[in-house]
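For reference, the structure discussed in these notes is given below.
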Amino acid sequence: MEAADAPARPDLKAIVGALLLAHGRALTAERIREALIRAAEASGQDPPHFSTAQIAEAVSEVRSALEAAAVGIEVVEVAHGWRMQTRGDCGRWVRALLVKAERPRLSRPALETLAIIAYRQPCTRAEIEAVRGVSVDHVLRSLLEMELIRIAGRSRLPGRPLFFATTPKFLEHFGLRSLEELPAAAELRRRDSEADGWHPPAPGEKVEAQERKAEDEQ
């Protein structure tokens, strides 16, 4: 009999269900076993010894539970593994949701800064501020957190300031396949729903004060 303070044995069905949901892609029995072993080692427990057959049985139990619950989610076998996905008969509602899915909204100051980086990259904070005429520290932090820009090394100028450049997520946000497709400034503005009435500055163009009403909020 197990000691009263001994950790409970893992509920394999629940763990497998959580892994399938969290991963979002096909999981093999080996990947599931690796996750079980790493979790046990991280908590100082002996690694569990679940066979491929036991893992497959747990997946089958998850599949049956989802079918019984009729929640629009199923487990399918793909590429020597399993994937949790929405049911085909719910597809039209899922597609409607994804079509209307909101992108991260950019404020006018954020879009302005992003446009300068996009057209001049790599560029330093000082170079961006020379165009904008205001501090961009907060905006740069926000764009970094949104993963629309990245740190792209350091300049050789005194102080070795950081270079900033755009990321693949920037391309995704504006529907571009590569920087070679970077459109004219007006088109870039049009592609972001929060930029109505504002035009990104051309290289060397100063931003007029009346076009920066929201900057103090940034």
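In the structure tokens, each chain is lettered A, B, ... as it comes, each chain's residues begin at 1, and ligands are numbered from 1 in order of appearance.
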
Surrounding residues of Ile128 (chain A) excluding itself and chain neighbours under 4 positions, 12 Å, only C-alpha atoms, as a PyMOL selection string: chain A and resi 109-110+112-124+132-137+139-140+162-165+201+203-207

May I have the residues from that selection written out with N, CA and C atoms, as a tab-separated table (two decimals), in the first residue's frame?
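In the end it all went to selection_21.tsv:
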chain	number	residue	atom	x	y	z
A	109	PRO	N	1.16	56.15	-32.96
A	109	PRO	CA	2.61	56.27	-32.72
A	109	PRO	C	3.36	54.96	-32.96
A	110	ALA	N	2.73	53.83	-32.60
A	110	ALA	CA	3.38	52.54	-32.81
A	110	ALA	C	3.53	52.24	-34.29
A	112	GLU	N	3.61	54.42	-36.69
A	112	GLU	CA	4.58	55.38	-37.22
A	112	GLU	C	6.01	54.89	-37.01
A	113	THR	N	6.30	54.45	-35.79
A	113	THR	CA	7.63	53.94	-35.48
A	113	THR	C	7.93	52.68	-36.28
A	114	LEU	N	6.95	51.80	-36.38
A	114	LEU	CA	7.14	50.56	-37.13
A	114	LEU	C	7.42	50.83	-38.60
A	115	ALA	N	6.74	51.82	-39.16
A	115	ALA	CA	6.96	52.16	-40.56
A	115	ALA	C	8.38	52.66	-40.80
A	116	ILE	N	8.88	53.48	-39.88
A	116	ILE	CA	10.25	53.99	-40.02
A	116	ILE	C	11.24	52.83	-40.00
A	117	ILE	N	11.04	51.90	-39.07
A	117	ILE	CA	11.94	50.74	-38.99
A	117	ILE	C	11.85	49.91	-40.26
A	118	ALA	N	10.63	49.70	-40.75
A	118	ALA	CA	10.43	48.86	-41.92
A	118	ALA	C	11.17	49.40	-43.14
A	119	TYR	N	11.11	50.72	-43.34
A	119	TYR	CA	11.71	51.31	-44.53
A	119	TYR	C	13.20	51.61	-44.39
A	120	ARG	N	13.70	51.70	-43.14
A	120	ARG	CA	15.09	52.09	-42.94
A	120	ARG	C	15.96	50.98	-42.34
A	121	GLN	N	15.39	49.86	-41.98
A	121	GLN	CA	16.10	48.84	-41.21
A	121	GLN	C	17.40	48.35	-41.85
A	122	PRO	N	18.38	48.02	-40.96
A	122	PRO	CA	18.31	48.20	-39.51
A	122	PRO	C	18.58	49.64	-39.13
A	123	CYS	N	17.94	50.09	-38.06
A	123	CYS	CA	18.15	51.48	-37.63
A	123	CYS	C	18.17	51.54	-36.11
A	124	THR	N	18.76	52.60	-35.59
A	124	THR	CA	18.89	52.76	-34.14
A	124	THR	C	17.75	53.62	-33.60
A	132	ARG	N	10.94	61.03	-35.97
A	132	ARG	CA	9.71	61.29	-35.23
A	132	ARG	C	9.77	62.58	-34.43
A	133	GLY	N	10.93	62.91	-33.92
A	133	GLY	CA	11.05	64.12	-33.12
A	133	GLY	C	10.64	63.95	-31.68
A	134	VAL	N	10.39	62.72	-31.25
A	134	VAL	CA	10.00	62.43	-29.86
A	134	VAL	C	10.68	61.15	-29.41
A	135	SER	N	10.66	60.90	-28.09
A	135	SER	CA	11.22	59.67	-27.55
A	135	SER	C	10.38	58.47	-28.00
A	136	VAL	N	11.06	57.37	-28.30
A	136	VAL	CA	10.34	56.18	-28.76
A	136	VAL	C	10.60	54.98	-27.86
A	137	ASP	N	11.16	55.19	-26.69
A	137	ASP	CA	11.51	54.08	-25.80
A	137	ASP	C	10.30	53.18	-25.52
A	139	VAL	N	7.40	52.97	-27.09
A	139	VAL	CA	6.85	52.35	-28.30
A	139	VAL	C	7.72	51.17	-28.74
A	140	LEU	N	9.04	51.33	-28.67
A	140	LEU	CA	9.93	50.23	-29.04
A	140	LEU	C	9.71	49.02	-28.14
A	162	LEU	N	21.76	49.85	-30.12
A	162	LEU	CA	21.11	48.69	-30.71
A	162	LEU	C	20.51	49.02	-32.07
A	163	PHE	N	20.55	48.05	-32.95
A	163	PHE	CA	19.84	48.13	-34.22
A	163	PHE	C	18.48	47.44	-34.05
A	164	PHE	N	17.47	47.98	-34.72
A	164	PHE	CA	16.14	47.36	-34.72
A	164	PHE	C	15.74	47.02	-36.15
A	165	ALA	N	15.05	45.90	-36.31
A	165	ALA	CA	14.56	45.47	-37.62
A	165	ALA	C	13.22	44.77	-37.43
A	201	PRO	N	5.77	58.36	-42.50
A	201	PRO	CA	6.66	59.34	-43.10
A	201	PRO	C	7.62	58.72	-44.09
A	203	PRO	N	11.36	58.54	-45.86
A	203	PRO	CA	12.68	58.74	-45.26
A	203	PRO	C	13.07	60.21	-45.21
A	204	GLY	N	13.45	60.66	-44.02
A	204	GLY	CA	13.88	62.04	-43.85
A	204	GLY	C	12.75	63.01	-43.58
A	205	GLU	N	11.50	62.55	-43.67
A	205	GLU	CA	10.37	63.45	-43.48
A	205	GLU	C	10.07	63.59	-42.00
A	206	LYS	N	9.90	64.80	-41.51
A	206	LYS	CA	9.55	65.04	-40.13
A	206	LYS	C	8.04	64.86	-39.96
A	207	VAL	N	7.64	64.40	-38.78
A	207	VAL	CA	6.23	64.20	-38.50
A	207	VAL	C	5.66	65.48	-37.92

Give me, as a compact mmCIF listing (two decimals) with C-alpha atoms, in the first residue's frame, all polymer residues having an atom no more than 12 Å from Pro161 (chain A), counting only C-alpha atoms and skipping those fewer than 2 positions away in the same chain.
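Resulting contents of selection.txt:
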# COMPACT_ATOMS: atom_id res chain seq x y z
CA PRO A 122 18.31 48.20 -39.51
CA CYS A 123 18.15 51.48 -37.63
CA THR A 124 18.89 52.76 -34.14
CA ARG A 125 16.61 54.42 -31.63
CA ALA A 126 18.34 57.76 -32.28
CA GLU A 127 17.67 57.46 -36.01
CA ILE A 151 17.08 43.57 -31.95
CA ALA A 152 19.35 43.11 -34.96
CA GLY A 153 22.80 43.69 -33.51
CA ARG A 154 24.65 46.86 -32.55
CA SER A 155 25.90 49.87 -34.44
CA ARG A 156 29.60 50.74 -34.54
CA LEU A 157 28.77 54.28 -33.44
CA PRO A 158 29.96 55.46 -30.01
CA GLY A 159 28.02 53.68 -27.29
CA PHE A 163 19.84 48.13 -34.22
CA PHE A 164 16.14 47.36 -34.72

Secondary structure check, strand (DSSP E) residues of region 26-112 of chain A, as a ChimeraX atom specification: /A:73-78,81-86

Please produce a file of those selected residues containing N, CA and C atoms, as a PDB file, in the first residue's frame.
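What follows is the written file result_8.pdb:
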ATOM      1  N   ILE A  73     -14.997  18.672 -30.581  1.00  0.00           N
ATOM      2  CA  ILE A  73     -13.559  18.410 -30.653  1.00  0.00           C
ATOM      3  C   ILE A  73     -13.351  16.909 -30.773  1.00  0.00           C
ATOM      4  N   GLU A  74     -12.352  16.508 -31.536  1.00  0.00           N
ATOM      5  CA  GLU A  74     -12.075  15.091 -31.724  1.00  0.00           C
ATOM      6  C   GLU A  74     -10.575  14.842 -31.728  1.00  0.00           C
ATOM      7  N   VAL A  75     -10.209  13.582 -31.566  1.00  0.00           N
ATOM      8  CA  VAL A  75      -8.818  13.157 -31.679  1.00  0.00           C
ATOM      9  C   VAL A  75      -8.716  12.256 -32.900  1.00  0.00           C
ATOM     10  N   VAL A  76      -7.796  12.587 -33.797  1.00  0.00           N
ATOM     11  CA  VAL A  76      -7.608  11.796 -35.011  1.00  0.00           C
ATOM     12  C   VAL A  76      -6.172  11.290 -35.065  1.00  0.00           C
ATOM     13  N   GLU A  77      -5.980  10.183 -35.752  1.00  0.00           N
ATOM     14  CA  GLU A  77      -4.647   9.615 -35.911  1.00  0.00           C
ATOM     15  C   GLU A  77      -4.027  10.133 -37.195  1.00  0.00           C
ATOM     16  N   VAL A  78      -2.856  10.752 -37.079  1.00  0.00           N
ATOM     17  CA  VAL A  78      -2.153  11.306 -38.238  1.00  0.00           C
ATOM     18  C   VAL A  78      -0.657  11.105 -38.068  1.00  0.00           C
ATOM     19  N   GLY A  81       0.941   9.410 -35.198  1.00  0.00           N
ATOM     20  CA  GLY A  81       0.622  10.004 -33.911  1.00  0.00           C
ATOM     21  C   GLY A  81      -0.841  10.394 -33.860  1.00  0.00           C
ATOM     22  N   TRP A  82      -1.153  11.313 -32.942  1.00  0.00           N
ATOM     23  CA  TRP A  82      -2.536  11.750 -32.758  1.00  0.00           C
ATOM     24  C   TRP A  82      -2.585  13.270 -32.662  1.00  0.00           C
ATOM     25  N   ARG A  83      -3.701  13.829 -33.107  1.00  0.00           N
ATOM     26  CA  ARG A  83      -3.890  15.274 -33.042  1.00  0.00           C
ATOM     27  C   ARG A  83      -5.299  15.571 -32.563  1.00  0.00           C
ATOM     28  N   MET A  84      -5.415  16.556 -31.684  1.00  0.00           N
ATOM     29  CA  MET A  84      -6.723  17.029 -31.252  1.00  0.00           C
ATOM     30  C   MET A  84      -7.123  18.184 -32.160  1.00  0.00           C
ATOM     31  N   GLN A  85      -8.341  18.149 -32.658  1.00  0.00           N
ATOM     32  CA  GLN A  85      -8.782  19.167 -33.607  1.00  0.00           C
ATOM     33  C   GLN A  85     -10.289  19.366 -33.501  1.00  0.00           C
ATOM     34  N   THR A  86     -10.780  20.410 -34.144  1.00  0.00           N
ATOM     35  CA  THR A  86     -12.222  20.627 -34.189  1.00  0.00           C
ATOM     36  C   THR A  86     -12.855  19.646 -35.165  1.00  0.00           C
TER      37      THR A  86
END

All residues 10 Å or closer to Glu57 (chain A), only C-alpha atoms, same chain fewer than 6 positions away omitted, as a PyMOL selection string: chain A and resi 12-13+51+63
